[in-house]
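A quick write-up on the structure given underneath.
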Amino acid sequence: MTGTILVSGGAGYIGSHTVLALRESGRDVLVLDDLSEGHAAALLGAPLANGSMLDREFVRDVFRAHRIAAVFHFAARCYVGESVTDPGRYYRHNVVGTMNLLDAMVETGVKRFVLSSTCATYGEPERMPITEDLPQRPINPYGATKLIDEWLLRDYHRAHGLESVALRYFNAAGADPQARIGEDHEPETHLIPIVIQVAQARREHVTVFGNDYPTQDGTCIRDYVHVTDLADAHVRALLAMEKGSVGVRAYNLGNTAGTSVLEVIRTVEQVSGRRVKSVMGARRPGDPPRLVGSSARIQAELGWQPRFGDIKTIVETAWRWHERRPDGYGDRRPTTAHG
Ligand code: UDP
């Protein structure tokens with residue numbers, strides 16, 4: 001027995017796909033989640049410790065009650081736009097929440113940690129595709145909080161010998177290829193699910209946030225990466241830590257392929273066979289024009305290869321999930337006051 005993998009935010013979008021990948025590779029998992037944004041149904045029966053990362057005592061008790069071998073940390077607030085208007089919420093959840101986990105690890109001697117980090121830590125880098133050695137200069141509070149998390153890992157390594165891998169995701173997208181689980185946010189702000197909802201006639205139109213960017217078609221370019229490929233990278237990070245010391249390591253996870261907002265809309269039209277109405281709107285604060293990542297480092301060091309790399313496959317898996325579960329997990333609640 002190698003012990004349990006504690007997955008914070010395991011009921012969320014990327015977390016639940018990683019829980020599935022861990023269980024399919026024969027691991028014991030325990031999800032730590034307060035279900036404020038995640039979904040019990042996304043766990044597919046995985047055990048849950050229901051509580052908040054911000055509750056220090058609760059987090060500590062979870063570590064004391066289980067033999068935890070490693071921690072995968074997904075629980076975080078992750079909306080660029082909201083982080084600009086409500087930064088306190090981001091610093092509280094994404095920095096204080098992470099510290100509560102790390103402190104409980106130090107106290108109970110757990111040494112292995114995988115962080116959900118983000119390309120938003122780079123800000124607007126001068127070179128594309130983005131490699132891990134480029135300076136991290138976030139331009140929004142979301143990116144800033146994740147960069148602080150990376151600093152915490154560096155410093156907890158020095159002080160306490162904590163080993164970590166930070167995975168800097170580009171734009172997570174798609175759904176489990178068998179459509180058992182998928183993306184379900186309330187409110188939904190991400191481009192691909194919004195465009196799919198328009199194709200499903202559940203929304204009237206999609207607003208394109210800016211068409212005056214310095215890109216080929218004037219709309220923002222992002223590097224979409226399949227959520228199942230992200231999950232696989234987490235399992236590989238764990239294996240690497242089990243094999244030997246990794247110290248403090250960071251990897252980009254993208255496809256080195258840029259897709260514009262208009263290209264996403266066209267791909268959804270192609271996959272769904274439906275027309276998608278779009279309306280040009282203003283830029284969204286905090287949005288860099290272009291973010292494309294090189295994943296050469298994780299490919300070379302951990303043997304990661306995207307299995308669902310192209311945008312059409314990504315959209316096809318998302319479409320399948322949304323067609324199967326048009327209401328998502330069916331547990332939508334009215335938007336709660338922000339904690
Ligand atoms: N976007 C858009 N309309 C929407 C939602 C998103 O034009 O209704 C754009 C957004 O400005 C960004 C891209 O789509 O350039 C991806 O945004 P998303 O929120 O999905 O991910 P982010 O890049 O913020 O992590």
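Identifiers for the structure tokens are assigned positionally: chains receive A, B, ... in sequence, residues are indexed from 1 per chain, and ligands are indexed from 1 in the order shown.
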Among segment 151-215 of chain A, which residues does DSSP mark as alpha helix (DSSP H) when it is run on the backbone? Keep the chain and numbering as in the structure and answer as a compact mmCIF listing (two decimals) with N, CA, C and O atoms, in the first residue's frame.
# COMPACT_ATOMS: atom_id res chain seq x y z
N TRP A 151 5.87 30.20 -5.30
CA TRP A 151 6.91 30.67 -4.37
C TRP A 151 6.84 29.91 -3.05
O TRP A 151 7.86 29.58 -2.45
N LEU A 152 5.60 29.67 -2.59
CA LEU A 152 5.43 28.89 -1.36
C LEU A 152 6.11 27.53 -1.50
O LEU A 152 6.81 27.07 -0.59
N LEU A 153 5.94 26.92 -2.67
CA LEU A 153 6.53 25.58 -2.87
C LEU A 153 8.05 25.65 -2.83
O LEU A 153 8.72 24.79 -2.25
N ARG A 154 8.60 26.69 -3.46
CA ARG A 154 10.06 26.86 -3.43
C ARG A 154 10.55 27.00 -1.99
O ARG A 154 11.51 26.36 -1.57
N ASP A 155 9.84 27.82 -1.23
CA ASP A 155 10.30 28.11 0.13
C ASP A 155 10.03 26.96 1.10
O ASP A 155 10.83 26.70 2.01
N TYR A 156 8.92 26.22 0.91
CA TYR A 156 8.65 25.06 1.77
C TYR A 156 9.61 23.92 1.43
O TYR A 156 9.89 23.07 2.26
N HIS A 157 10.10 23.91 0.21
CA HIS A 157 11.11 22.91 -0.13
C HIS A 157 12.40 23.19 0.64
O HIS A 157 12.96 22.31 1.30
N ARG A 158 12.82 24.45 0.57
CA ARG A 158 14.04 24.83 1.29
C ARG A 158 13.92 24.57 2.78
O ARG A 158 14.82 24.03 3.42
N ALA A 159 12.80 24.98 3.34
CA ALA A 159 12.65 24.90 4.80
C ALA A 159 12.28 23.51 5.28
O ALA A 159 12.74 23.08 6.34
N HIS A 160 11.45 22.80 4.52
CA HIS A 160 10.86 21.56 5.05
C HIS A 160 11.09 20.35 4.15
O HIS A 160 10.56 19.28 4.42
N LEU A 191 -15.08 29.77 -22.69
CA LEU A 191 -15.49 29.94 -24.09
C LEU A 191 -16.14 28.69 -24.69
O LEU A 191 -17.25 28.77 -25.25
N ILE A 192 -15.48 27.55 -24.61
CA ILE A 192 -15.99 26.37 -25.35
C ILE A 192 -17.38 25.96 -24.85
O ILE A 192 -18.30 25.81 -25.66
N PRO A 193 -17.60 25.80 -23.52
CA PRO A 193 -18.96 25.45 -23.11
C PRO A 193 -20.00 26.51 -23.49
O PRO A 193 -21.13 26.17 -23.84
N ILE A 194 -19.61 27.78 -23.46
CA ILE A 194 -20.57 28.83 -23.84
C ILE A 194 -20.95 28.68 -25.31
O ILE A 194 -22.13 28.71 -25.67
N VAL A 195 -19.96 28.47 -26.16
CA VAL A 195 -20.26 28.34 -27.60
C VAL A 195 -21.11 27.09 -27.84
O VAL A 195 -22.06 27.10 -28.64
N ILE A 196 -20.82 26.03 -27.10
CA ILE A 196 -21.63 24.81 -27.24
C ILE A 196 -23.07 25.08 -26.80
O ILE A 196 -24.02 24.64 -27.45
N GLN A 197 -23.24 25.84 -25.74
CA GLN A 197 -24.61 26.15 -25.30
C GLN A 197 -25.37 26.95 -26.35
O GLN A 197 -26.58 26.78 -26.51
N VAL A 198 -24.66 27.80 -27.08
CA VAL A 198 -25.32 28.54 -28.17
C VAL A 198 -25.74 27.53 -29.26
O VAL A 198 -26.88 27.56 -29.74
N ALA A 199 -24.84 26.61 -29.60
CA ALA A 199 -25.16 25.60 -30.62
C ALA A 199 -26.35 24.74 -30.18
O ALA A 199 -27.12 24.26 -31.01
Counting only C-alpha atoms and all ligand atoms, name the residues that have an atom within 10 Å of an atom of ligand 1; the answer should be given as JSON, numbers by chain. {"A": [78, 79, 80, 81, 82, 118, 119, 120, 142, 169, 170, 171, 172, 173, 188, 189, 190, 191, 192, 193, 194, 195, 205, 206, 207, 208, 209, 210, 211, 213, 219, 220, 221, 222, 223, 224, 259, 260, 261, 262, 264, 265, 278, 279, 280, 281, 282, 283, 284, 285, 286, 287, 288, 289, 290, 291]}
Could you take the residues named above and write them with C-alpha atoms, as a tab-separated table (two decimals), in the first residue's frame?
chain	number	residue	atom	x	y	z
A	78	CYS	CA	-9.92	30.33	-11.39
A	79	TYR	CA	-11.65	33.17	-13.24
A	80	VAL	CA	-9.42	35.88	-14.61
A	81	GLY	CA	-12.21	38.45	-14.90
A	82	GLU	CA	-13.58	37.87	-11.41
A	118	THR	CA	-1.40	28.29	-14.79
A	119	CYS	CA	-0.03	30.03	-17.83
A	120	ALA	CA	-1.56	33.17	-16.29
A	142	TYR	CA	-5.58	35.10	-10.52
A	169	TYR	CA	-2.00	24.64	-17.56
A	170	PHE	CA	-2.94	26.55	-20.62
A	171	ASN	CA	-6.68	26.42	-21.38
A	172	ALA	CA	-8.23	23.25	-19.99
A	173	ALA	CA	-11.04	22.03	-22.23
A	188	GLU	CA	-20.34	29.32	-17.06
A	189	THR	CA	-17.72	31.79	-18.26
A	190	HIS	CA	-15.44	29.58	-20.36
A	191	LEU	CA	-15.49	29.94	-24.09
A	192	ILE	CA	-15.99	26.37	-25.35
A	193	PRO	CA	-18.96	25.45	-23.11
A	194	ILE	CA	-20.57	28.83	-23.84
A	195	VAL	CA	-20.26	28.34	-27.60
A	205	HIS	CA	-25.36	34.17	-28.72
A	206	VAL	CA	-21.74	34.27	-27.63
A	207	THR	CA	-20.06	37.63	-27.10
A	208	VAL	CA	-16.55	37.78	-28.53
A	209	PHE	CA	-14.46	39.72	-26.03
A	210	GLY	CA	-12.55	42.00	-28.36
A	211	ASN	CA	-11.77	41.75	-32.07
A	213	TYR	CA	-6.22	42.40	-30.74
A	219	THR	CA	-9.58	37.81	-31.47
A	220	CYS	CA	-7.61	36.33	-28.56
A	221	ILE	CA	-5.56	33.22	-29.11
A	222	ARG	CA	-5.39	30.48	-26.50
A	223	ASP	CA	-3.78	27.05	-26.31
A	224	TYR	CA	-6.55	24.57	-25.49
A	259	THR	CA	-6.69	28.77	-31.53
A	260	SER	CA	-8.53	32.09	-31.83
A	261	VAL	CA	-11.97	32.75	-30.39
A	262	LEU	CA	-13.42	32.80	-33.92
A	264	VAL	CA	-13.28	27.93	-31.63
A	265	ILE	CA	-16.69	29.13	-32.78
A	278	SER	CA	-21.72	35.63	-32.23
A	279	VAL	CA	-21.72	39.29	-31.26
A	280	MET	CA	-18.60	41.43	-31.09
A	281	GLY	CA	-18.05	42.96	-27.65
A	282	ALA	CA	-15.48	44.85	-25.64
A	283	ARG	CA	-12.22	43.39	-24.43
A	284	ARG	CA	-12.35	41.62	-21.07
A	285	PRO	CA	-9.97	43.20	-18.53
A	286	GLY	CA	-6.92	41.07	-17.74
A	287	ASP	CA	-6.91	39.13	-21.05
A	288	PRO	CA	-3.54	38.84	-22.85
A	289	PRO	CA	-3.89	38.70	-26.69
A	290	ARG	CA	-2.06	35.42	-27.16
A	291	LEU	CA	-1.03	32.55	-24.89
Selection near His234 of chain A, 10 Å with only C-alpha atoms, sequence-local residues under 6 positions removed, as JSON, numbers by chain: {"A": [15, 18, 19, 21, 22, 72, 114, 115, 116, 165, 166, 167, 228, 240, 304]}
Would you kindly return, as number ranges by chain, each protein, DNA or RNA residue with an atom no farther than 10 Å from any atom of Ala201 of chain A, considering only C-alpha atoms and excluding same-chain residues fewer than 6 positions away? A: 195, 274-277
Identify which of the residues A:Gln178, A:Phe113, A:Ala76, A:Val268 lies closest to Gly143 of chain A, counting only C-alpha atoms when measuring atom-to-atom distances. A:Ala76
Residue set, segment 245-322 of chain A restricted to strand (DSSP E or B), as an MDAnalysis selection string: chainID A and resid 248:253 259:260 278:281 290 293
Find the residues around Arg89 of chain A up to 10 Å (only C-alpha atoms counted), leave out those fewer than 3 positions away in its own chain, and share them as a list in words.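 Once the nearby chain positions are removed, what remains is Ala76, Arg77, Glu82, Ser83, Thr85, Asp86, Arg92, His93, Asn94, Val95, Pro141, Tyr142, His338 and Gly339 of chain A.
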Expected file contents, prior selection, C-alpha atoms, as a tab-separated table (two decimals), in the first residue's frame:
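Produced file selection.tsv, reproduced below:
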chain	number	residue	atom	x	y	z
A	76	ALA	CA	-8.93	27.29	-6.18
A	77	ARG	CA	-10.82	30.16	-7.72
A	82	GLU	CA	-13.58	37.87	-11.41
A	83	SER	CA	-10.08	38.01	-9.95
A	85	THR	CA	-13.06	42.68	-9.65
A	86	ASP	CA	-12.79	40.62	-6.44
A	92	ARG	CA	-7.96	34.13	0.37
A	93	HIS	CA	-8.81	30.92	-1.48
A	94	ASN	CA	-5.71	30.52	-3.61
A	95	VAL	CA	-3.02	31.60	-1.17
A	141	PRO	CA	-4.76	38.68	-9.53
A	142	TYR	CA	-5.58	35.10	-10.52
A	338	HIS	CA	-18.92	34.89	-2.74
A	339	GLY	CA	-16.99	33.49	0.21
Give me, please, the distance in Å between atom CA of Asp331 of chain A and atom CA of Pro177 of chain A, quoted to one decimal.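 Separating atom CA of Asp331 of chain A from atom CA of Pro177 of chain A is a distance of 21.9 Å.
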Among listed residues A:Gln136, A:Thr145, A:Thr267, A:Thr131, nearest Met99 of chain A (using only C-alpha atoms): A:Thr145
Name the residues in contact with Leu32 of chain A at a cut-off of 8 Å, using only C-alpha atoms, excluding same-chain residues fewer than 2 positions from it; report them as an MDAnalysis selection string. chainID A and resid 6:10 30 34 48:53
Between A:Lys146, A:Arg64, A:His39, A:Arg203, single out the one closest to Gly12 of chain A, counting only C-alpha atoms.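 Counting only C-alpha atoms, the residue closest to Gly12 of chain A is A:His39.
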From A:Gly309, A:Gly258, A:Gly273, A:Gly182, residue lying nearest Leu44 of chain A [only C-alpha atoms]: A:Gly182
Point out the residue among A:Ile139, A:Met128, A:Ala231, A:Ala46 with the least atom-to-atom distance to Gly293 of chain A, counting only C-alpha atoms.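 Between A:Ile139, A:Met128, A:Ala231, A:Ala46, the residue approaching Gly293 of chain A most closely is A:Met128.
In this comparison, which uses only C-alpha atoms, the residue of A:Arg168, A:Arg112, A:Arg202, A:His17 approaching Asn252 of chain A most closely is A:Arg168.
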Residues within 12 Å of Glu301 of chain A, please, as a PyMOL selection string. Count only C-alpha atoms; anything in the same chain fewer than 4 positions from it doesn't count. chain A and resi 233+236-237+239-240+246+249-252+295-297+305
One decimal, in Å: what's the spacing between atom CA of Ile5 of chain A and atom CA of Ala69 of chain A?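 These atoms are spaced 5.8 Å apart.
If you look at atom CA of Gly174 of chain A and atom CA of Ile314 of chain A, they are 4.7 Å away from each other.
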